[in-house]
$ cat upload-v5.txt   # compact mmCIF, C-alpha atoms
# COMPACT_ATOMS: atom_id res chain seq x y z
CA MET L 147 22.38 -4.30 -6.79
CA THR L 148 20.74 -5.15 -10.11
CA SER L 149 18.10 -7.17 -8.26
CA LEU L 150 17.31 -4.19 -6.03
CA ARG L 151 17.08 -1.98 -9.12
CA SER L 152 14.61 -4.38 -10.71
CA PHE L 153 12.65 -4.65 -7.47
CA ILE L 154 12.23 -0.90 -6.99
CA THR L 155 11.08 -0.42 -10.58
CA ASP L 156 8.61 -3.29 -10.12
CA LEU L 157 7.27 -1.54 -7.01
CA ALA L 158 6.83 1.73 -8.89
CA THR L 159 5.18 0.00 -11.83
CA ALA L 160 2.72 -1.82 -9.58
CA GLY L 161 1.82 1.39 -7.79
CA GLY L 162 1.67 3.39 -11.00
CA ASN L 163 -0.71 0.93 -12.61
CA ILE L 164 -3.14 1.35 -9.72
CA ALA L 165 -2.83 5.14 -9.79
CA ARG L 166 -3.42 5.25 -13.54
CA GLU L 167 -6.54 3.09 -13.30
CA HIS L 168 -8.04 5.26 -10.56
CA PHE L 169 -7.07 8.49 -12.30
CA HIS L 170 -9.23 7.57 -15.26
CA SER L 171 -12.18 6.62 -13.03
CA LEU L 172 -13.56 9.56 -11.05
CA SER L 173 -15.81 7.31 -8.99
CA ASN L 174 -12.82 5.43 -7.59
CA LYS L 175 -10.98 8.45 -6.16
CA GLY L 176 -12.79 8.46 -2.79
CA VAL L 177 -11.25 11.72 -1.60
CA GLN L 178 -10.96 12.46 2.12
CA VAL L 179 -9.59 15.52 3.93
CA LYS L 180 -6.66 14.75 6.23
CA ALA L 181 -6.24 18.36 7.35
CA ASP L 182 -6.79 21.84 5.96
CA ARG L 183 -5.78 21.76 2.26
CA ASP L 184 -4.42 18.23 2.71
CA TYR L 185 -6.14 15.40 0.84
CA VAL L 186 -5.87 11.65 0.48
CA SER L 187 -7.67 9.41 -2.00
CA ASN L 188 -8.52 5.73 -2.00
CA ALA L 189 -5.82 5.35 -4.63
CA ASP L 190 -3.14 6.84 -2.33
CA ARG L 191 -3.87 4.23 0.31
CA LEU L 192 -4.19 1.37 -2.17
CA VAL L 193 -0.91 2.24 -3.90
CA GLU L 194 0.93 2.56 -0.59
CA ASP L 195 -0.55 -0.66 0.82
CA THR L 196 0.41 -2.53 -2.35
CA ILE L 197 4.00 -1.28 -2.29
CA ILE L 198 4.40 -1.96 1.42
CA GLY L 199 2.95 -5.44 1.01
CA LEU L 200 5.49 -6.28 -1.68
CA ILE L 201 8.37 -4.93 0.41
CA ARG L 202 7.29 -6.89 3.49
CA THR L 203 6.98 -10.06 1.41
CA HIS L 204 10.48 -9.82 -0.03
CA HIS L 205 12.33 -7.84 2.67
CA PRO L 206 10.48 -8.24 5.99
CA GLU L 207 13.48 -6.97 7.95
CA HIS L 208 13.50 -3.56 6.23
CA GLN L 209 12.04 -0.37 7.69
CA ILE L 210 9.32 1.58 5.87
CA LEU L 211 8.19 5.21 6.01
CA GLY L 212 5.09 5.99 3.97
CA GLU L 213 3.26 9.28 3.59
CA GLU L 214 -0.10 7.76 4.50
CA SER L 215 0.94 5.06 6.97
CA GLY L 216 3.89 6.78 8.63
CA SER L 217 6.45 4.52 10.28
CA GLY L 218 4.02 2.17 11.97
CA GLY L 219 5.15 3.49 15.34
CA GLN L 220 8.75 2.47 14.79
CA ALA L 221 11.72 4.69 15.61
CA LEU L 222 13.44 4.90 12.23
CA ASN L 223 17.01 5.30 11.08
CA GLN L 224 18.33 5.53 7.54
CA ASN L 225 19.69 2.00 7.32
CA ALA L 226 17.62 -0.35 5.11
CA LEU L 227 14.76 2.16 4.99
CA TRP L 228 12.15 2.54 2.25
CA ILE L 229 10.56 5.99 1.88
CA ILE L 230 7.35 6.03 -0.13
CA ASP L 231 5.07 8.71 -1.51
CA PRO L 232 2.32 6.66 -3.19
CA ILE L 233 0.86 9.53 -5.21
CA ASP L 234 2.88 12.72 -5.04
CA GLY L 235 0.61 15.45 -6.41
CA THR L 236 -2.64 14.20 -4.90
CA THR L 237 -4.40 17.54 -5.43
CA ASN L 238 -3.56 17.35 -9.14
CA PHE L 239 -4.67 13.70 -9.19
CA ILE L 240 -8.11 14.31 -7.69
CA HIS L 241 -8.71 17.28 -10.03
CA GLY L 242 -7.89 15.25 -13.13
CA ILE L 243 -4.53 16.98 -13.77
CA ALA L 244 -1.98 14.49 -15.09
CA GLN L 245 0.95 15.80 -13.06
CA PHE L 246 1.57 13.24 -10.33
CA ALA L 247 3.96 10.37 -9.67
CA VAL L 248 4.88 7.41 -7.50
CA SER L 249 8.06 8.16 -5.56
CA ILE L 250 10.17 5.50 -3.80
CA ALA L 251 13.65 5.66 -2.26
CA PHE L 252 15.70 2.97 -0.57
CA CYS L 253 18.19 4.34 1.96
CA ASP L 254 21.24 3.08 3.77
CA ASP L 255 23.18 4.82 6.52
CA GLN L 256 24.56 7.31 3.96
CA GLY L 257 21.13 8.37 2.69
CA PRO L 258 19.22 7.46 -0.47
CA LEU L 259 20.97 4.62 -2.30
CA ILE L 260 18.54 3.87 -5.11
CA ALA L 261 15.40 5.71 -6.07
CA VAL L 262 12.65 5.82 -8.63
CA ILE L 263 10.00 8.33 -9.64
CA TYR L 264 7.37 6.95 -11.98
CA ASP L 265 4.92 9.06 -13.97
CA PRO L 266 2.25 6.51 -14.90
CA ILE L 267 0.41 8.76 -17.36
CA ALA L 268 3.50 9.65 -19.43
CA ASP L 269 4.96 6.18 -18.69
CA GLU L 270 8.27 7.75 -17.67
CA MET L 271 10.47 5.94 -15.16
CA PHE L 272 13.20 8.10 -13.62
CA LEU L 273 15.76 5.87 -11.88
CA ALA L 274 18.94 6.75 -9.99
CA GLU L 275 21.52 4.69 -8.17
CA ARG L 276 24.18 6.34 -6.04
CA GLY L 277 27.57 6.16 -7.74
CA LEU L 278 26.17 4.65 -10.93
CA GLY L 279 24.07 7.35 -12.56
CA LEU L 280 20.62 8.35 -13.74
CA TRP L 281 18.24 6.90 -16.31
CA LEU L 282 14.97 8.00 -17.88
CA ASN L 283 13.39 4.73 -18.96
CA HIS L 284 16.44 3.06 -20.55
CA ASP L 285 18.41 6.18 -21.51
CA ARG L 286 21.21 7.76 -19.52
CA ARG L 287 20.41 11.34 -18.59
CA GLN L 288 21.95 14.31 -16.77
CA THR L 289 21.09 17.83 -15.68
CA SER L 290 21.00 20.75 -18.09
CA GLY L 291 24.35 22.11 -16.93
CA CYS L 292 22.79 25.57 -16.62
CA ALA L 293 25.46 27.79 -15.10
CA SER L 294 23.54 30.93 -14.12
CA LEU L 295 20.27 31.63 -12.31
CA ARG L 296 19.67 34.40 -14.84
CA SER L 297 19.08 31.80 -17.55
CA ALA L 298 17.44 29.17 -15.33
CA LEU L 299 13.90 27.85 -15.55
CA VAL L 300 12.99 27.31 -11.90
CA ALA L 301 10.19 25.32 -10.25
CA THR L 302 8.77 25.98 -6.81
CA ALA L 303 5.77 25.45 -4.58
CA MET L 304 4.21 27.64 -1.91
CA PRO L 305 3.80 26.44 1.72
CA PHE L 306 0.05 26.57 1.10
CA ARG L 307 -0.86 24.74 4.31
CA SER L 308 1.06 27.31 6.42
CA PRO L 309 -0.53 30.78 5.99
CA ALA L 310 1.85 32.39 8.50
CA VAL L 311 4.73 31.82 6.08
CA HIS L 312 3.00 33.14 2.97
CA ASP L 313 4.23 36.74 3.07
CA ASP L 314 7.86 35.72 3.49
CA ALA L 315 7.52 32.99 0.87
CA LEU L 316 5.96 35.38 -1.62
CA ALA L 317 8.79 37.85 -1.05
CA VAL L 318 11.31 35.12 -1.84
CA PHE L 319 9.29 34.10 -4.90
CA SER L 320 9.35 37.71 -6.11
CA GLY L 321 13.12 37.95 -5.65
CA VAL L 322 13.74 34.71 -7.51
CA GLN L 323 11.39 35.80 -10.30
CA ARG L 324 13.48 38.92 -10.86
CA ALA L 325 16.69 36.90 -10.85
CA CYS L 326 15.81 33.90 -13.04
CA ASP L 327 14.46 33.33 -16.52
CA ASP L 328 11.01 32.22 -15.26
CA GLN L 329 9.29 30.04 -12.65
CA ARG L 330 6.80 27.17 -12.71
CA ARG L 331 4.46 25.76 -10.03
CA ALA L 332 3.21 22.36 -11.18
CA GLY L 333 2.16 20.78 -7.89
CA ALA L 334 4.27 17.60 -7.72
CA ALA L 335 7.64 17.93 -5.97
CA SER L 336 8.86 14.54 -7.16
CA LEU L 337 8.39 15.42 -10.83
CA ASP L 338 9.91 18.87 -10.34
CA LEU L 339 13.01 17.17 -8.96
CA ALA L 340 13.02 14.53 -11.67
CA TYR L 341 12.81 17.27 -14.29
CA VAL L 342 15.79 19.08 -12.74
CA ALA L 343 17.69 15.79 -12.82
CA VAL L 344 17.11 15.20 -16.54
CA GLY L 345 17.47 18.80 -17.70
CA ARG L 346 13.87 19.88 -18.29
CA LEU L 347 14.15 22.34 -15.40
CA ASP L 348 17.27 23.99 -14.03
CA ALA L 349 16.36 24.34 -10.35
CA TYR L 350 13.65 23.74 -7.75
CA TYR L 351 13.04 25.06 -4.22
CA GLU L 352 10.38 24.55 -1.56
CA ILE L 353 9.83 24.92 2.18
CA GLY L 354 7.30 22.78 4.02
CA ILE L 355 8.03 19.48 2.28
CA HIS L 356 8.61 16.09 3.98
CA PRO L 357 11.14 13.29 3.41
CA TRP L 358 8.71 11.32 1.23
CA ASP L 359 8.40 14.35 -1.06
CA THR L 360 12.11 14.60 -1.79
CA ALA L 361 14.08 11.46 -0.84
CA ALA L 362 13.90 9.94 -4.31
CA GLY L 363 14.13 13.20 -6.23
CA GLU L 364 17.20 14.54 -4.49
CA LEU L 365 19.11 11.37 -5.34
CA LEU L 366 18.04 11.74 -8.97
CA VAL L 367 19.38 15.29 -9.03
CA ARG L 368 22.72 14.30 -7.53
CA CYS L 369 23.11 11.33 -9.85
CA GLY L 370 22.36 13.63 -12.78
CA GLY L 371 25.27 15.88 -11.77
CA GLY L 372 23.33 18.46 -9.76
CA VAL L 373 23.24 19.62 -6.14
CA ALA L 374 20.46 19.17 -3.58
CA THR L 375 20.40 20.44 0.01
CA ASP L 376 18.03 22.02 2.50
CA TYR L 377 17.64 25.81 2.86
CA ARG L 378 20.75 25.91 5.06
CA GLY L 379 22.90 24.08 2.55
CA ASN L 380 22.87 20.79 4.48
CA SER L 381 22.45 17.43 2.77
CA ASP L 382 22.17 15.24 5.88
CA ALA L 383 19.28 14.72 8.34
CA LEU L 384 16.99 13.34 5.64
CA LEU L 385 14.30 12.18 8.08
CA GLY L 386 13.85 15.71 9.40
CA ARG L 387 13.90 17.39 6.00
CA ARG L 388 11.39 20.27 5.64
CA SER L 389 13.02 22.25 2.81
CA ILE L 390 14.96 21.66 -0.36
CA VAL L 391 17.00 23.56 -2.93
CA ALA L 392 18.02 21.53 -5.97
CA ALA L 393 19.86 22.78 -9.03
CA ALA L 394 21.59 21.58 -12.18
CA THR L 395 24.94 23.00 -11.10
CA ALA L 396 26.71 24.17 -7.96
CA GLY L 397 26.67 27.75 -9.27
CA VAL L 398 22.90 27.93 -9.72
CA HIS L 399 22.42 26.17 -6.39
CA ALA L 400 24.56 28.77 -4.59
CA GLU L 401 22.65 31.65 -6.18
CA LEU L 402 19.27 30.16 -5.36
CA LEU L 403 20.35 29.26 -1.82
CA ALA L 404 21.15 32.93 -1.21
CA HIS L 405 17.67 33.94 -2.37
CA VAL L 406 15.85 31.49 -0.09
CA ALA L 407 17.99 32.31 2.97
CA PRO L 408 15.33 34.66 4.48
CA LEU L 409 13.06 31.62 4.87
CA ALA L 410 15.63 29.45 6.69
CA PRO L 411 14.70 30.78 10.18
CA TRP L 412 11.24 29.31 9.71
CA LEU L 413 12.82 25.85 9.96
CA ASP L 414 13.30 26.51 13.70
CA ARG L 415 9.70 27.67 14.22
CA ALA L 416 6.20 26.29 13.90
CA PRO L 417 4.93 24.77 11.71
CA PHE L 418 8.25 23.33 10.48
CA ALA L 419 10.37 22.81 13.59
CA ALA L 420 10.62 19.24 14.79
CA GLY L 421 9.18 18.32 18.17
$ encode --input "upload-v5.txt" --output "structure tokens"
Amino acid sequence: MTSLRSFITDLATAGGNIAREHFHSLSNKGVQVKADRDYVSNADRLVEDTIIGLIRTHHPEHQILGEESGSGGQALNQNALWIIDPIDGTTNFIHGIAQFAVSIAFCDDQGPLIAVIYDPIADEMFLAERGLGLWLNHDRRQTSGCASLRSALVATAMPFRSPAVHDDALAVFSGVQRACDDQRRAGAASLDLAYVAVGRLDAYYEIGIHPWDTAAGELLVRCGGGVATDYRGNSDALLGRRSIVAAATAGVHAELLAHVAPLAPWLDRAPFAAG
């Protein structure tokens, strides 16, 4: 497993180096609009192509799911599957805000097995391996241990591409704001999850995300001693994941899960329902 750990950190470093170079060069961003409020840059594609190329060179038999390239038309399962978000926080990236990361998870039939989130600007490598723990660079880390939502610093994001959900989402945001210490909206799900894992934040919730947004981060949270599920409290069905609640402790997770419950029915309706 050590070789796989070294390989995934090499992948993240290679991608992060490209992202960092393009971040500091506005002319290289080459931004395109994928859909309303949904952007991709030249760097996103270059990072993803580089990571995929390295995986195919060393593990041609493995499956790959990338944010920009999808599954290549393959029907995927969770066994020997790489899930890649080449630049999580693209909107931040193209606006010159240094809050973005490369996110990579390797999954087996039980879900994420090893995962990395790399912040190339801060040069912080968050690494987790199921059953073995969590590291920030070379130091062992864990969640804050926060026991109550009342004292929790919580991160979130709005389903900004889905206007129909905004009123309900804002109502949930308001309820959480009254119940917690304070909230943050930084614009990079992977880093929000990494920060929960290492104790900088106490919880994070979002509806409208995709597996590439959370596969690595939820493993980090669990390996740090926290809890991560969808809005219904389920931790399976990773490939269909469209929501997440992550927290430093089971107690904070249970409190936050109760607050987001009014949004759970949206998971059976457009724009989040599968099919």
$ atom_distance --input "upload-v5.txt" --atom1 "CA of Gly277 (chain L)" --atom2 "CA of Leu365 (chain L)"
10.2 Å
$ residues_near_point --input "upload-v5.txt" --point "(23.5, 9.1, 0.6)" --cutoff "9 Å" --atoms "all atoms listed in the file" --output "ChimeraX atom specification"
/L:253-259,276,365,381-382
$ closest_residue --input "upload-v5.txt" --among "L:His405, L:Arg368, L:Arg387, L:Arg346" --to "Ser320 (chain L)" --atoms "all atoms listed in the file"
L:His405
$ residues_around --input "upload-v5.txt" --residues "region 153-156 of chain L" --least-positions-apart "6" --cutoff "8 Å" --atoms "all atoms listed in the file" --output "ChimeraX atom specification"
/L:250,261-262,271,273
$ write_last_selection --input "upload-v5.txt" --atoms "C-alpha atoms" --output "PDB file, in the frame of the given file"
ATOM      1  CA  ILE L 250      10.170   5.500  -3.800  1.00  0.00           C
ATOM      2  CA  ALA L 261      15.400   5.710  -6.070  1.00  0.00           C
ATOM      3  CA  VAL L 262      12.650   5.820  -8.630  1.00  0.00           C
ATOM      4  CA  MET L 271      10.470   5.940 -15.160  1.00  0.00           C
ATOM      5  CA  LEU L 273      15.760   5.870 -11.880  1.00  0.00           C
TER       6      LEU L 273
END
$ closest_residue --input "upload-v5.txt" --among "L:Ala165, L:Ala310, L:Ile390, L:Ile243" --to "Ser187 (chain L)" --atoms "all atoms listed in the file"
L:Ala165
$ closest_residue --input "upload-v5.txt" --among "L:Pro266, L:Gly379, L:Gly212, L:Gly321" --to "Asn283 (chain L)" --atoms "only C-alpha atoms"
L:Pro266
$ residues_around --input "upload-v5.txt" --residues "Asp359 (chain L)" --least-positions-apart "5" --cutoff "10 Å" --atoms "only C-alpha atoms" --output "count of residues only"
20
$ closest_residue --input "upload-v5.txt" --among "L:Ser171, L:Phe252, L:Gly242, L:Ala392" --to "Ile201 (chain L)" --atoms "only C-alpha atoms"
L:Phe252
$ atom_distance --input "upload-v5.txt" --atom1 "CA of Ile240 (chain L)" --atom2 "CA of His170 (chain L)"
10.2 Å
$ atom_distance --input "upload-v5.txt" --atom1 "CA of Thr375 (chain L)" --atom2 "CA of Arg296 (chain L)"
20.4 Å
$ residues_around --input "upload-v5.txt" --residues "Ala301 (chain L)" --least-positions-apart "2" --cutoff "12 Å" --atoms "only C-alpha atoms" --output "PDB file with C-alpha atoms, in the frame of the given file"
ATOM      1  CA  ALA L 298      17.440  29.170 -15.330  1.00  0.00           C
ATOM      2  CA  LEU L 299      13.900  27.850 -15.550  1.00  0.00           C
ATOM      3  CA  ALA L 303       5.770  25.450  -4.580  1.00  0.00           C
ATOM      4  CA  MET L 304       4.210  27.640  -1.910  1.00  0.00           C
ATOM      5  CA  PHE L 319       9.290  34.100  -4.900  1.00  0.00           C
ATOM      6  CA  VAL L 322      13.740  34.710  -7.510  1.00  0.00           C
ATOM      7  CA  GLN L 323      11.390  35.800 -10.300  1.00  0.00           C
ATOM      8  CA  CYS L 326      15.810  33.900 -13.040  1.00  0.00           C
ATOM      9  CA  ASP L 327      14.460  33.330 -16.520  1.00  0.00           C
ATOM     10  CA  ASP L 328      11.010  32.220 -15.260  1.00  0.00           C
ATOM     11  CA  GLN L 329       9.290  30.040 -12.650  1.00  0.00           C
ATOM     12  CA  ARG L 330       6.800  27.170 -12.710  1.00  0.00           C
ATOM     13  CA  ARG L 331       4.460  25.760 -10.030  1.00  0.00           C
ATOM     14  CA  ALA L 332       3.210  22.360 -11.180  1.00  0.00           C
ATOM     15  CA  GLY L 333       2.160  20.780  -7.890  1.00  0.00           C
ATOM     16  CA  ALA L 334       4.270  17.600  -7.720  1.00  0.00           C
ATOM     17  CA  ALA L 335       7.640  17.930  -5.970  1.00  0.00           C
ATOM     18  CA  SER L 336       8.860  14.540  -7.160  1.00  0.00           C
ATOM     19  CA  LEU L 337       8.390  15.420 -10.830  1.00  0.00           C
ATOM     20  CA  ASP L 338       9.910  18.870 -10.340  1.00  0.00           C
ATOM     21  CA  LEU L 339      13.010  17.170  -8.960  1.00  0.00           C
ATOM     22  CA  ALA L 340      13.020  14.530 -11.670  1.00  0.00           C
ATOM     23  CA  TYR L 341      12.810  17.270 -14.290  1.00  0.00           C
ATOM     24  CA  VAL L 342      15.790  19.080 -12.740  1.00  0.00           C
ATOM     25  CA  ARG L 346      13.870  19.880 -18.290  1.00  0.00           C
ATOM     26  CA  LEU L 347      14.150  22.340 -15.400  1.00  0.00           C
ATOM     27  CA  ASP L 348      17.270  23.990 -14.030  1.00  0.00           C
ATOM     28  CA  ALA L 349      16.360  24.340 -10.350  1.00  0.00           C
ATOM     29  CA  TYR L 350      13.650  23.740  -7.750  1.00  0.00           C
ATOM     30  CA  TYR L 351      13.040  25.060  -4.220  1.00  0.00           C
ATOM     31  CA  GLU L 352      10.380  24.550  -1.560  1.00  0.00           C
ATOM     32  CA  ILE L 390      14.960  21.660  -0.360  1.00  0.00           C
ATOM     33  CA  VAL L 391      17.000  23.560  -2.930  1.00  0.00           C
ATOM     34  CA  ALA L 392      18.020  21.530  -5.970  1.00  0.00           C
ATOM     35  CA  ALA L 393      19.860  22.780  -9.030  1.00  0.00           C
ATOM     36  CA  LEU L 402      19.270  30.160  -5.360  1.00  0.00           C
TER      37      LEU L 402
END
$ residues_around --input "upload-v5.txt" --residues "Trp412 (chain L)" --least-positions-apart "2" --cutoff "12 Å" --atoms "all atoms listed in the file" --output "list in words"
Pro305, Ser308, Ala310, Val311, His312, Asp314, Ala315, Ile353, Gly354, Tyr377, Arg378, Arg388, Ser389, Val406, Ala407, Pro408, Leu409, Ala410, Asp414, Arg415, Ala416, Pro417, Phe418, Ala419 and Ala420 of chain L
$ residues_around --input "upload-v5.txt" --residues "Gly291 (chain L)" --least-positions-apart "5" --cutoff "8 Å" --atoms "only C-alpha atoms" --output "ChimeraX atom specification"
/L:345,348,394-395
$ write_last_selection --input "upload-v5.txt" --atoms "C-alpha atoms" --output "tab-separated table (two decimals), in the frame of the given file"
chain	number	residue	atom	x	y	z
L	345	GLY	CA	17.47	18.80	-17.70
L	348	ASP	CA	17.27	23.99	-14.03
L	394	ALA	CA	21.59	21.58	-12.18
L	395	THR	CA	24.94	23.00	-11.10
$ closest_residue --input "upload-v5.txt" --among "L:Arg202, L:His399, L:Arg151, L:His284" --to "Ile260 (chain L)" --atoms "only C-alpha atoms"
L:Arg151
$ residues_near_point --input "upload-v5.txt" --point "(15.3, -2.5, 6.1)" --cutoff "8 Å" --atoms "all atoms listed in the file" --output "count of residues only"
10
$ closest_residue --input "upload-v5.txt" --among "L:Gln288, L:Glu167, L:Pro232, L:Ala343" --to "Ala251 (chain L)" --atoms "all atoms listed in the file"
L:Pro232
$ decode --input "upload-v5.txt" --residues "region 270-295 of chain L" --atoms "N, CA and C atoms" --output "short mmCIF file (atom, residue, chain, number, x, y, z; two decimals), in the first residue's frame"
data_model
loop_
_atom_site.label_atom_id
_atom_site.label_comp_id
_atom_site.auth_asym_id
_atom_site.auth_seq_id
_atom_site.Cartn_x
_atom_site.Cartn_y
_atom_site.Cartn_z
N GLU L 270 0.05 22.31 0.85
CA GLU L 270 -0.48 21.42 1.89
C GLU L 270 -1.06 20.17 1.23
N MET L 271 -0.55 19.02 1.64
CA MET L 271 -0.99 17.73 1.13
C MET L 271 -1.74 17.01 2.23
N PHE L 272 -3.05 16.86 2.04
CA PHE L 272 -3.90 16.14 2.98
C PHE L 272 -4.05 14.71 2.44
N LEU L 273 -3.65 13.73 3.23
CA LEU L 273 -3.63 12.34 2.76
C LEU L 273 -4.33 11.45 3.78
N ALA L 274 -5.18 10.56 3.29
CA ALA L 274 -5.86 9.61 4.18
C ALA L 274 -5.83 8.23 3.56
N GLU L 275 -5.71 7.23 4.43
CA GLU L 275 -5.78 5.84 4.00
C GLU L 275 -6.68 5.08 4.96
N ARG L 276 -7.68 4.42 4.41
CA ARG L 276 -8.68 3.76 5.24
C ARG L 276 -8.02 2.77 6.19
N GLY L 277 -8.34 2.90 7.47
CA GLY L 277 -7.80 2.02 8.49
C GLY L 277 -6.45 2.41 9.03
N LEU L 278 -5.79 3.40 8.39
CA LEU L 278 -4.44 3.76 8.81
C LEU L 278 -4.32 5.19 9.31
N GLY L 279 -5.22 6.08 8.91
CA GLY L 279 -5.19 7.41 9.48
C GLY L 279 -5.11 8.53 8.46
N LEU L 280 -4.77 9.71 8.98
CA LEU L 280 -4.81 10.97 8.24
C LEU L 280 -3.53 11.75 8.49
N TRP L 281 -3.00 12.35 7.43
CA TRP L 281 -1.80 13.15 7.54
C TRP L 281 -1.99 14.50 6.84
N LEU L 282 -1.41 15.53 7.39
CA LEU L 282 -1.25 16.81 6.70
C LEU L 282 0.24 16.98 6.49
N ASN L 283 0.67 16.93 5.23
CA ASN L 283 2.08 16.80 4.90
C ASN L 283 2.62 15.57 5.63
N HIS L 284 3.52 15.69 6.58
CA HIS L 284 4.05 14.49 7.24
C HIS L 284 3.55 14.32 8.68
N ASP L 285 2.59 15.14 9.07
CA ASP L 285 2.12 15.11 10.45
C ASP L 285 0.76 14.43 10.57
N ARG L 286 0.62 13.57 11.55
CA ARG L 286 -0.67 12.96 11.85
C ARG L 286 -1.65 14.03 12.32
N ARG L 287 -2.87 13.94 11.84
CA ARG L 287 -3.88 14.92 12.25
C ARG L 287 -5.20 14.21 12.54
N GLN L 288 -6.13 14.97 13.18
CA GLN L 288 -7.46 14.46 13.46
C GLN L 288 -8.43 15.63 13.54
N THR L 289 -9.71 15.31 13.63
CA THR L 289 -10.72 16.36 13.70
C THR L 289 -10.62 17.12 15.02
N SER L 290 -11.39 18.19 15.11
CA SER L 290 -11.35 19.05 16.30
C SER L 290 -11.93 18.37 17.53
N GLY L 291 -12.79 17.38 17.33
CA GLY L 291 -13.48 16.78 18.46
C GLY L 291 -14.63 17.61 18.98
N CYS L 292 -14.99 18.65 18.25
CA CYS L 292 -16.11 19.52 18.66
C CYS L 292 -17.36 18.68 18.92
N ALA L 293 -17.97 18.88 20.08
CA ALA L 293 -19.06 18.01 20.51
C ALA L 293 -20.45 18.59 20.31
N SER L 294 -20.54 19.89 20.01
CA SER L 294 -21.85 20.54 19.93
C SER L 294 -21.91 21.48 18.74
N LEU L 295 -23.03 21.46 18.02
CA LEU L 295 -23.21 22.39 16.90
C LEU L 295 -23.16 23.84 17.39
#
